[in-house]
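Visitor: Structure file structure03.cif (mmCIF, C-alpha atoms and all ligand atoms) is given on the next line.
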data_run
#
loop_
_atom_site.label_atom_id
_atom_site.label_comp_id
_atom_site.auth_asym_id
_atom_site.auth_seq_id
_atom_site.Cartn_x
_atom_site.Cartn_y
_atom_site.Cartn_z
CA MET C 287 0.00 0.00 0.00
CA THR C 288 1.73 3.12 -1.19
CA SER C 289 -0.94 5.69 -1.76
CA GLN C 290 -3.80 6.63 0.51
CA ALA C 291 -5.32 8.41 -2.45
CA THR C 292 -6.39 5.19 -4.19
CA ALA C 293 -10.12 5.07 -4.60
CA PRO C 294 -11.75 2.90 -1.94
CA GLU C 295 -13.81 1.04 -4.57
CA SER C 296 -10.75 -0.24 -6.38
CA SER C 297 -9.08 -1.69 -3.29
CA ALA C 298 -12.31 -3.34 -2.27
CA ALA C 299 -12.60 -4.89 -5.69
CA SER C 300 -9.12 -6.43 -5.40
CA LEU C 301 -9.96 -8.30 -2.18
CA PRO C 302 -10.08 -12.07 -2.69
CA ALA C 303 -13.51 -13.58 -2.48
CA PRO C 304 -14.17 -15.00 1.00
CA THR C 305 -13.40 -18.70 1.13
CA LYS C 306 -14.39 -21.27 3.71
CA ARG C 307 -11.52 -21.77 6.15
CA LYS C 308 -10.92 -25.03 7.94
CA LEU C 309 -9.84 -23.20 11.09
CA PRO C 310 -11.11 -19.90 12.40
CA ALA C 311 -8.58 -17.13 11.81
CA GLY C 312 -6.30 -15.88 14.52
CA THR C 313 -6.22 -18.87 16.79
CA LEU C 314 -3.29 -21.07 17.68
CA TYR C 315 -5.30 -23.10 20.15
CA ARG C 316 -8.49 -24.27 18.51
CA GLY C 317 -8.22 -27.53 16.62
CA ARG C 318 -4.63 -28.08 17.67
CA GLU C 319 -2.84 -30.29 20.23
CA GLY C 320 -3.76 -27.98 23.09
CA MET C 321 -7.47 -28.30 22.41
CA TRP C 322 -7.52 -32.03 21.75
CA SER C 323 -5.52 -32.84 24.87
CA TRP C 324 -8.04 -30.79 26.87
CA VAL C 325 -11.02 -32.59 25.29
CA LEU C 326 -9.44 -36.00 25.89
CA HIS C 327 -8.56 -35.07 29.47
CA ARG C 328 -12.18 -34.15 30.21
CA ILE C 329 -13.67 -37.25 28.58
CA THR C 330 -11.23 -39.69 30.21
CA GLY C 331 -11.56 -38.00 33.63
CA THR C 332 -15.35 -38.28 33.49
CA ALA C 333 -15.25 -41.91 32.38
CA ILE C 334 -12.84 -42.88 35.17
CA PHE C 335 -14.97 -41.05 37.72
CA PHE C 336 -18.11 -43.02 36.85
CA PHE C 337 -16.15 -46.27 36.84
CA LEU C 338 -14.83 -45.43 40.30
CA LEU C 339 -18.35 -44.86 41.68
CA VAL C 340 -19.39 -48.36 40.61
CA HIS C 341 -16.03 -49.87 41.56
CA ILE C 342 -16.29 -48.76 45.20
CA LEU C 343 -19.76 -50.31 45.38
CA ASP C 344 -18.67 -53.63 43.85
CA THR C 345 -15.59 -53.82 46.10
CA SER C 346 -17.73 -53.21 49.19
CA LEU C 347 -19.21 -56.68 48.63
CA ILE C 348 -15.97 -58.18 50.04
CA ARG C 349 -17.25 -57.08 53.44
CA ILE C 350 -20.68 -58.67 52.99
CA SER C 351 -20.30 -62.06 51.36
CA PRO C 352 -17.58 -63.90 49.42
CA GLU C 353 -20.22 -65.51 47.18
CA ALA C 354 -21.75 -62.17 46.23
CA TYR C 355 -18.31 -60.68 45.52
CA ASP C 356 -17.27 -63.65 43.37
CA ALA C 357 -20.51 -63.44 41.40
CA VAL C 358 -20.02 -59.75 40.63
CA ILE C 359 -16.27 -59.91 39.93
CA GLY C 360 -17.10 -62.87 37.66
CA THR C 361 -18.71 -60.41 35.25
CA TYR C 362 -15.30 -58.68 34.92
CA LYS C 363 -14.01 -61.80 33.19
CA THR C 364 -16.39 -61.85 30.23
CA PRO C 365 -15.02 -60.79 26.81
CA ILE C 366 -17.11 -57.61 26.68
CA MET C 367 -15.91 -56.50 30.10
CA GLY C 368 -12.37 -57.47 29.09
CA ILE C 369 -12.59 -54.96 26.26
CA GLY C 370 -14.07 -52.46 28.71
CA GLU C 371 -11.10 -52.95 31.06
CA THR C 372 -8.75 -52.40 28.14
CA ALA C 373 -10.53 -49.14 27.35
CA LEU C 374 -10.40 -48.14 31.01
CA VAL C 375 -6.67 -48.73 31.27
CA ALA C 376 -6.18 -46.82 28.01
CA ALA C 377 -8.23 -43.92 29.41
CA ILE C 378 -6.31 -43.87 32.69
CA GLY C 379 -2.98 -44.06 30.90
CA LEU C 380 -3.87 -41.09 28.73
CA HIS C 381 -5.31 -39.04 31.62
CA ALA C 382 -2.30 -39.76 33.82
CA LEU C 383 0.34 -38.97 31.17
CA ASN C 384 -1.46 -35.85 29.98
CA GLY C 385 -2.01 -34.89 33.64
CA LEU C 386 1.75 -35.00 34.18
CA ARG C 387 2.12 -32.83 31.07
CA ILE C 388 -0.33 -30.26 32.53
CA ILE C 389 1.64 -30.27 35.79
CA CYS C 390 4.90 -29.64 33.89
CA ILE C 391 3.31 -26.80 31.93
CA ASP C 392 2.18 -25.13 35.16
CA LEU C 393 5.25 -25.84 37.26
CA PHE C 394 8.26 -25.17 35.05
CA SER C 395 9.28 -22.04 33.20
CA TRP C 396 9.99 -24.07 30.05
CA GLY C 397 6.62 -25.85 30.37
CA PRO C 398 4.35 -23.71 28.18
CA ARG C 399 6.96 -23.56 25.41
CA ALA C 400 7.28 -27.36 25.41
CA GLN C 401 3.57 -28.15 25.66
CA ARG C 402 3.20 -29.47 22.14
CA VAL C 403 6.32 -31.61 22.31
CA MET C 404 5.16 -32.96 25.66
CA PHE C 405 1.79 -33.85 24.15
CA TRP C 406 3.46 -36.08 21.58
CA VAL C 407 5.82 -37.51 24.22
CA ALA C 408 2.76 -38.42 26.28
CA ILE C 409 1.15 -40.08 23.26
CA GLY C 410 4.37 -42.01 22.62
CA LEU C 411 4.61 -43.26 26.20
CA TRP C 412 0.93 -44.13 26.10
CA VAL C 413 1.42 -46.32 23.03
CA VAL C 414 4.33 -48.10 24.76
CA LEU C 415 2.15 -48.64 27.86
CA LEU C 416 -0.63 -50.13 25.75
CA ILE C 417 1.75 -52.41 23.84
CA GLY C 418 2.86 -53.75 27.22
CA PHE C 419 -0.63 -54.17 28.61
CA VAL C 420 -3.20 -54.91 25.92
CA PRO C 421 -1.91 -58.17 24.33
CA ARG C 422 -1.33 -59.72 27.74
CA HIS C 423 -4.68 -58.67 29.08
CA LEU C 424 -6.62 -59.81 26.03
CA MET C 425 -4.81 -63.14 26.11
CA THR C 426 -6.00 -63.64 29.68
CA VAL C 427 -9.55 -62.63 28.77
CA PHE C 428 -9.88 -64.63 25.57
CA GLY C 429 -7.38 -67.40 26.28
CA GLY C 430 -9.28 -68.45 29.37
CA HIS C 431 -6.28 -68.80 31.69
CA MET X 91 -8.55 2.54 50.09
CA THR X 92 -9.82 4.80 52.81
CA ALA X 93 -13.04 6.70 52.91
CA THR X 94 -11.27 10.00 53.51
CA GLY X 95 -8.76 10.29 50.69
CA ILE X 96 -8.18 9.65 47.03
CA GLU X 97 -5.43 7.13 46.30
CA ALA X 98 -2.32 8.22 44.46
CA PRO X 99 -2.41 7.16 40.79
CA ARG X 100 -1.15 3.63 40.11
CA THR X 101 -1.59 2.48 43.71
CA PRO X 102 -1.85 -1.32 43.50
CA HIS X 103 -5.31 -2.74 44.00
CA VAL X 104 -5.88 -3.92 47.55
CA SER X 105 -8.12 -6.95 47.75
CA HIS X 106 -10.79 -6.77 50.39
CA ARG X 107 -10.93 -10.54 50.68
CA ARG X 108 -7.24 -10.94 51.34
CA LYS X 109 -7.66 -12.63 54.70
CA ARG X 110 -10.03 -15.33 53.41
CA ILE X 111 -8.59 -18.69 52.36
CA ASN X 112 -8.69 -19.02 48.59
CA LEU X 113 -10.43 -22.39 48.16
CA GLU X 114 -10.13 -22.40 44.37
CA LYS X 115 -6.37 -22.01 44.67
CA TRP X 116 -6.13 -24.94 47.08
CA GLY X 117 -8.36 -26.98 44.80
CA TRP X 118 -5.98 -26.22 41.94
CA ILE X 119 -2.98 -27.28 44.03
CA TYR X 120 -4.82 -30.40 45.22
CA MET X 121 -5.53 -31.52 41.62
CA ARG X 122 -1.80 -31.42 40.87
CA LEU X 123 -0.50 -32.95 44.11
CA SER X 124 -3.06 -35.76 44.11
CA GLY X 125 -2.40 -36.33 40.41
CA VAL X 126 1.28 -37.09 41.03
CA LEU X 127 0.48 -39.45 43.91
CA LEU X 128 -2.31 -41.14 41.95
CA VAL X 129 0.05 -42.11 39.16
CA VAL X 130 1.92 -44.33 41.64
CA LEU X 131 -1.17 -45.56 43.50
CA ILE X 132 -3.27 -46.37 40.42
CA PHE X 133 -0.54 -47.98 38.35
CA GLY X 134 0.51 -50.03 41.41
CA HIS X 135 -3.12 -51.09 41.86
CA LEU X 136 -3.55 -52.05 38.22
CA PHE X 137 -0.21 -53.83 38.04
CA TYR X 138 -0.86 -55.95 41.15
CA ASN X 139 -4.44 -56.84 40.17
CA LEU X 140 -4.15 -57.22 36.40
CA ILE X 141 -0.53 -58.15 35.61
CA PHE X 142 1.36 -59.58 38.55
CA PRO X 143 0.60 -61.47 40.75
CA GLY X 144 -3.03 -61.02 39.72
CA ASN X 145 -4.87 -61.07 36.41
CA VAL X 146 -8.58 -60.78 35.61
CA SER X 147 -9.14 -64.53 35.62
CA ALA X 148 -7.50 -64.89 39.03
CA LEU X 149 -9.55 -62.17 40.76
CA ASP X 150 -11.93 -63.45 43.40
CA TRP X 151 -12.67 -63.03 47.08
CA ALA X 152 -9.79 -65.30 48.11
CA PHE X 153 -7.34 -63.21 46.08
CA VAL X 154 -8.54 -60.02 47.75
CA ALA X 155 -8.46 -61.64 51.21
CA GLY X 156 -4.87 -62.71 50.67
CA LYS X 157 -3.96 -59.21 49.49
CA LEU X 158 -5.71 -57.27 52.25
CA ALA X 159 -4.29 -59.57 54.96
CA ASN X 160 -1.26 -57.32 54.50
CA PRO X 161 -1.99 -53.93 56.15
CA VAL X 162 0.23 -52.14 53.63
CA TRP X 163 -2.44 -52.75 50.97
CA ILE X 164 -5.18 -51.48 53.27
CA VAL X 165 -3.31 -48.20 53.72
CA TRP X 166 -2.65 -48.14 49.95
CA ASP X 167 -6.34 -48.64 49.14
CA VAL X 168 -7.55 -46.05 51.67
CA LEU X 169 -5.16 -43.47 50.18
CA LEU X 170 -6.23 -44.44 46.66
CA LEU X 171 -9.89 -44.16 47.62
CA TRP X 172 -9.62 -40.69 49.15
CA LEU X 173 -7.20 -39.14 46.67
CA ALA X 174 -8.92 -40.52 43.55
CA LEU X 175 -12.50 -39.88 44.63
CA ILE X 176 -11.87 -36.30 45.79
CA HIS X 177 -9.76 -35.57 42.69
CA GLY X 178 -12.48 -36.98 40.44
CA ALA X 179 -15.31 -35.23 42.28
CA ASN X 180 -13.49 -31.89 42.22
CA GLY X 181 -12.86 -32.34 38.50
CA MET X 182 -16.54 -33.16 37.94
CA ARG X 183 -17.43 -29.99 39.86
CA THR X 184 -15.48 -28.02 37.25
CA LEU X 185 -17.42 -29.72 34.46
CA VAL X 186 -20.79 -29.12 36.16
CA ASN X 187 -19.91 -25.44 36.60
CA ASP X 188 -18.94 -25.27 32.93
CA TYR X 189 -21.94 -26.98 31.40
CA ALA X 190 -24.91 -26.86 33.82
CA HIS X 191 -26.86 -23.78 34.81
CA GLY X 192 -29.49 -22.62 37.27
CA ARG X 193 -31.35 -25.12 39.39
CA PHE X 194 -29.97 -28.06 37.40
CA ARG X 195 -26.46 -27.05 38.46
CA THR X 196 -27.46 -26.83 42.12
CA VAL X 197 -29.01 -30.31 42.00
CA LEU X 198 -25.96 -31.79 40.30
CA LEU X 199 -23.51 -30.20 42.72
CA TRP X 200 -25.43 -31.48 45.73
CA SER X 201 -25.72 -35.02 44.32
CA LEU X 202 -22.02 -34.97 43.55
CA GLY X 203 -21.14 -33.84 47.08
CA ILE X 204 -23.46 -36.27 48.82
CA SER X 205 -22.45 -39.32 46.76
CA THR X 206 -18.78 -38.49 47.28
CA VAL X 207 -19.13 -38.32 51.07
CA VAL X 208 -21.25 -41.50 51.20
CA LEU X 209 -18.74 -43.45 49.09
CA LEU X 210 -15.76 -42.17 51.09
CA VAL X 211 -17.38 -43.36 54.32
CA LEU X 212 -18.52 -46.68 52.83
CA GLY X 213 -15.18 -47.44 51.21
CA THR X 214 -13.18 -46.54 54.30
CA LEU X 215 -15.39 -48.71 56.53
CA VAL X 216 -15.15 -51.65 54.12
CA LEU X 217 -11.37 -51.47 53.98
CA THR X 218 -10.77 -50.93 57.71
CA THR X 219 -13.24 -53.55 58.99
CA PHE X 220 -12.54 -56.24 56.38
CA ASP X 221 -12.03 -59.73 57.83
CA PRO X 222 -9.86 -61.99 55.62
CA CYS X 223 -10.96 -64.98 57.70
CA LEU X 224 -14.64 -64.51 56.84
CA ALA X 225 -14.55 -67.57 54.59
CA PRO X 226 -12.08 -70.43 54.11
CA THR X 227 -9.54 -70.03 51.30
CA GLU X 228 -6.81 -72.17 49.79
CA ASN X 229 -4.13 -69.63 50.65
CA ALA X 230 -1.74 -71.48 53.03
CA ASP X 231 -0.51 -68.31 54.80
CA LEU X 232 -4.04 -67.13 55.31
CA ILE X 233 -5.20 -70.50 56.67
CA ALA X 234 -2.34 -70.50 59.16
CA ALA X 235 -3.07 -66.91 60.25
CA CYS X 236 -6.79 -67.55 60.57
CA THR X 237 -6.46 -70.77 62.58
CA ALA X 238 -3.94 -69.04 64.86
CA GLN X 239 -6.53 -66.34 65.48
CA GLU X 240 -9.25 -68.74 66.58
C1 LIG C 501 -3.53 -41.13 37.27
C2 LIG C 501 -3.19 -40.00 37.80
C3 LIG C 501 -3.91 -38.69 37.51
C4 LIG C 501 -3.28 -37.52 37.15
C5 LIG C 501 -1.77 -37.30 36.97
C6 LIG C 501 -4.31 -36.53 36.99
C7 LIG C 501 -4.07 -35.19 36.69
C8 LIG C 501 -5.03 -34.24 36.50
C9 LIG C 501 -4.76 -32.83 36.28
C10 LIG C 501 -3.40 -32.17 36.28
C11 LIG C 501 -5.97 -32.22 36.07
C12 LIG C 501 -6.20 -30.77 35.70
C13 LIG C 501 -6.80 -29.98 36.80
C14 LIG C 501 -6.99 -28.54 36.38
O1 LIG C 501 -7.07 -28.25 35.18
O2 LIG C 501 -7.05 -27.72 37.28
C15 LIG C 501 -7.02 -33.25 36.16
C16 LIG C 501 -8.35 -33.03 35.97
C17 LIG C 501 -9.33 -33.99 36.13
N1 LIG C 501 -9.15 -35.30 36.55
FE1 LIG C 501 -7.36 -36.18 36.87
N2 LIG C 501 -5.55 -37.09 37.21
C18 LIG C 501 -5.36 -38.41 37.54
C19 LIG C 501 -6.35 -39.32 37.87
C20 LIG C 501 -7.72 -39.08 37.82
C21 LIG C 501 -8.75 -40.02 38.24
C22 LIG C 501 -8.52 -41.40 38.84
C23 LIG C 501 -9.96 -39.41 38.00
C24 LIG C 501 -11.37 -39.92 38.25
C25 LIG C 501 -11.74 -40.50 39.35
C26 LIG C 501 -9.68 -38.11 37.41
C27 LIG C 501 -10.64 -37.21 37.01
C28 LIG C 501 -10.40 -35.91 36.60
C29 LIG C 501 -11.41 -34.98 36.16
C30 LIG C 501 -12.91 -35.26 36.05
C31 LIG C 501 -10.74 -33.77 35.86
C32 LIG C 501 -11.37 -32.44 35.37
C33 LIG C 501 -11.09 -32.20 33.92
C34 LIG C 501 -11.27 -30.75 33.53
O3 LIG C 501 -11.40 -29.87 34.40
O4 LIG C 501 -11.24 -30.48 32.33
N3 LIG C 501 -8.31 -37.94 37.32
N4 LIG C 501 -6.40 -34.47 36.43
C1 LIG C 502 -10.01 -53.00 35.52
C2 LIG C 502 -9.26 -52.41 36.37
C3 LIG C 502 -9.35 -52.66 37.88
C4 LIG C 502 -9.47 -53.85 38.55
C5 LIG C 502 -9.53 -55.25 37.96
C6 LIG C 502 -9.53 -53.51 39.95
C7 LIG C 502 -9.64 -54.46 40.98
C8 LIG C 502 -9.81 -54.15 42.30
C9 LIG C 502 -9.84 -55.12 43.36
C10 LIG C 502 -9.68 -56.64 43.17
C11 LIG C 502 -10.00 -54.46 44.53
C12 LIG C 502 -10.06 -55.08 45.92
C13 LIG C 502 -8.97 -54.59 46.85
C14 LIG C 502 -7.59 -54.59 46.24
O1 LIG C 502 -7.31 -55.36 45.30
O2 LIG C 502 -6.76 -53.76 46.67
C15 LIG C 502 -10.08 -53.05 44.22
C16 LIG C 502 -10.28 -52.04 45.12
C17 LIG C 502 -10.20 -50.69 44.83
N1 LIG C 502 -9.91 -50.13 43.59
FE1 LIG C 502 -9.67 -51.14 41.88
N2 LIG C 502 -9.44 -52.15 40.12
C18 LIG C 502 -9.33 -51.59 38.87
C19 LIG C 502 -9.21 -50.26 38.57
C20 LIG C 502 -9.23 -49.24 39.51
C21 LIG C 502 -9.06 -47.83 39.21
C22 LIG C 502 -8.83 -47.27 37.82
C23 LIG C 502 -9.15 -47.15 40.39
C24 LIG C 502 -9.02 -45.67 40.66
C25 LIG C 502 -9.52 -44.74 39.94
C26 LIG C 502 -9.40 -48.13 41.43
C27 LIG C 502 -9.58 -47.83 42.75
C28 LIG C 502 -9.87 -48.75 43.73
C29 LIG C 502 -10.20 -48.40 45.11
C30 LIG C 502 -10.31 -46.97 45.67
C31 LIG C 502 -10.40 -49.62 45.80
C32 LIG C 502 -10.82 -49.77 47.25
C33 LIG C 502 -12.34 -49.73 47.30
C34 LIG C 502 -12.93 -49.74 48.69
O3 LIG C 502 -13.03 -48.67 49.26
O4 LIG C 502 -13.33 -50.79 49.19
N3 LIG C 502 -9.44 -49.38 40.85
N4 LIG C 502 -9.94 -52.89 42.84
#
I need this file expressed as structure tokens, please.
Ligand code: HEM
Ligand code: HEM
Guide:
Amino acid sequence: MTSQATAPESSAASLPAPTKRKLPAGTLYRGREGMWSWVLHRITGTAIFFFLLVHILDTSLIRISPEAYDAVIGTYKTPIMGIGETALVAAIGLHALNGLRIICIDLFSWGPRAQRVMFWVAIGLWVVLLIGFVPRHLMTVFGGH
Amino acid sequence: MTATGIEAPRTPHVSHRRKRINLEKWGWIYMRLSGVLLVVLIFGHLFYNLIFPGNVSALDWAFVAGKLANPVWIVWDVLLLWLALIHGANGMRTLVNDYAHGRFRTVLLWSLGISTVVLLVLGTLVLTTFDPCLAPTENADLIAACTAQE
């Protein structure tokens, strides 16, 4: 822009036609690692919370009757529940690793700068955790021993 | 600020609630402190029960009796119960405050608070009054301990 004298109509005419953007303009946060880690943290935290409510109730049966406890814990051994346990451990792993990332962001001066790297480190560690856990667990559930 | 004078320009704001405890700040600190401890407590719990020495197929009352015969695991479970449930309930409080409004929010917050207190009391009583000799098991150590008790 060199001259303020240019007619306003001509500069308006040279503007590109508005196009649909994938991301809203002017945001570094929305749709990126920061947002997705927050969404996942909320979903996993809620899921674990509701599991814990039920889990305290089922465990309290140990105080009442061994037969009742064995009957209820028996349902943990079915294939569907086995998949549910896998999902639960995956959720906890993600919440825990991302929780440590949040703590590092808040606690250390280098934290906010490294948040995106730490997100991918957390995902990497999570994959390693699942490789260690899932095959073994599913073998117990489906192998029947 | 005093009622008699006008403050000099750029005088820092003086909070009138300075002497009150800031509960939101302590909640924030609690989420982080409990989070670090929960990593150890939860992964220890899952490892013992699902990988070694336990696994889903091996879980039953006798397994739990053998485990809780050791007071270390009772302390472990009580800590796990309190830290995880209060962490989770405080986190859910954030979500309720974000997404629920008006009377619905009030109802949800009260249900959350009441169920948390009830489960803390129930869980603590179960863990601290549990009797591993309630029923016979095939665990040799447990049999010896239980017959010695009689
Ligand atoms: C395994 C260890 C865990 C770690 C390291 C951890 C860490 C964290 C951290 C740092 C926060 C953020 C708090 C804030 O933004 O102020 C959080 C939030 C939360 N956590 Fe955990 N947590 C753990 C386990 C759990 C468990 C067991 C539950 C459920 C019983 C849970 C449920 C929640 C919920 C519902 C939130 C609120 C999410 C939000 O505000 O967006 N967390 N956690
Ligand atoms: C599929 C995964 C899980 C299995 C198979 C499992 C199994 C068990 C078993 C067998 C007990 C009896 C006592 C003991 O072993 O110490 C127990 C108690 C307990 N578990 Fe888990 N657990 C699982 C996941 C979790 C998670 C993710 C949490 C925390 C968020 C948790 C928190 C607790 C607590 C607090 C108690 C004591 C309950 C009471 O007050 O009586 N568990 N669990």
Visitor: Please report the interatomic distance between atom CA of X:Asp231 and atom CA of C:Val427 in Å with one decimal.
Guide: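 Computed distance, atom CA of X:Asp231 to atom CA of C:Val427, equals 28.1 Å.
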Visitor: Using all atoms listed in the file, determine which residues of chain X fall within 7 Å of chain C; present them as JSON, numbers by chain.
Guide: {"X": [122, 125, 129, 146, 147, 150, 151, 178, 182, 213, 216, 220]}
Visitor: Could you save those same residues with C-alpha atoms as a PDB file, in the coordinates of the input?
Guide:
ATOM      1  CA  ARG X 122      -1.800 -31.420  40.870  1.00  0.00           C
ATOM      2  CA  GLY X 125      -2.400 -36.330  40.410  1.00  0.00           C
ATOM      3  CA  VAL X 129       0.050 -42.110  39.160  1.00  0.00           C
ATOM      4  CA  VAL X 146      -8.580 -60.780  35.610  1.00  0.00           C
ATOM      5  CA  SER X 147      -9.140 -64.530  35.620  1.00  0.00           C
ATOM      6  CA  ASP X 150     -11.930 -63.450  43.400  1.00  0.00           C
ATOM      7  CA  TRP X 151     -12.670 -63.030  47.080  1.00  0.00           C
ATOM      8  CA  GLY X 178     -12.480 -36.980  40.440  1.00  0.00           C
ATOM      9  CA  MET X 182     -16.540 -33.160  37.940  1.00  0.00           C
ATOM     10  CA  GLY X 213     -15.180 -47.440  51.210  1.00  0.00           C
ATOM     11  CA  VAL X 216     -15.150 -51.650  54.120  1.00  0.00           C
ATOM     12  CA  PHE X 220     -12.540 -56.240  56.380  1.00  0.00           C
TER      13      PHE X 220
END
Visitor: So how many Å separate atom CA of X:Phe133 and atom CA of C:Phe405, to one decimal?
Guide: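 These atoms are spaced 20.2 Å apart.
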Visitor: Could you please determine the separation between atom C13 of ligand LIG 501 (chain C) and atom CA of X:Leu136 in Å, to one decimal place?
Guide: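 Interatomic distance here is 22.4 Å.
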Visitor: Considering all atoms listed in the file, can you say which of X:Val197, X:Val165, X:Ala98, X:Val126 comes closest to ligand LIG 501 (chain C)?
Guide: X:Val126
Visitor: For each of C:Gly317, C:Pro398, C:Gly418, C:Pro365, take the minimum atom-to-atom distance to X:Phe137, counting only C-alpha atoms, then give the residue where this is smallest.
Guide: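 That would be C:Gly418, the residue with the smallest distance to X:Phe137.
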Visitor: For X:Phe153, list every protein, DNA or RNA residue within 9 Å, evaluated using all atoms listed in the file, and leave out those in the same chain fewer than 4 positions away; present the list as a list in words.
Guide: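 Here the answer would be Gly144, Ala148, Leu149, Lys157, Leu158, Thr227 and Asn229 of chain X.
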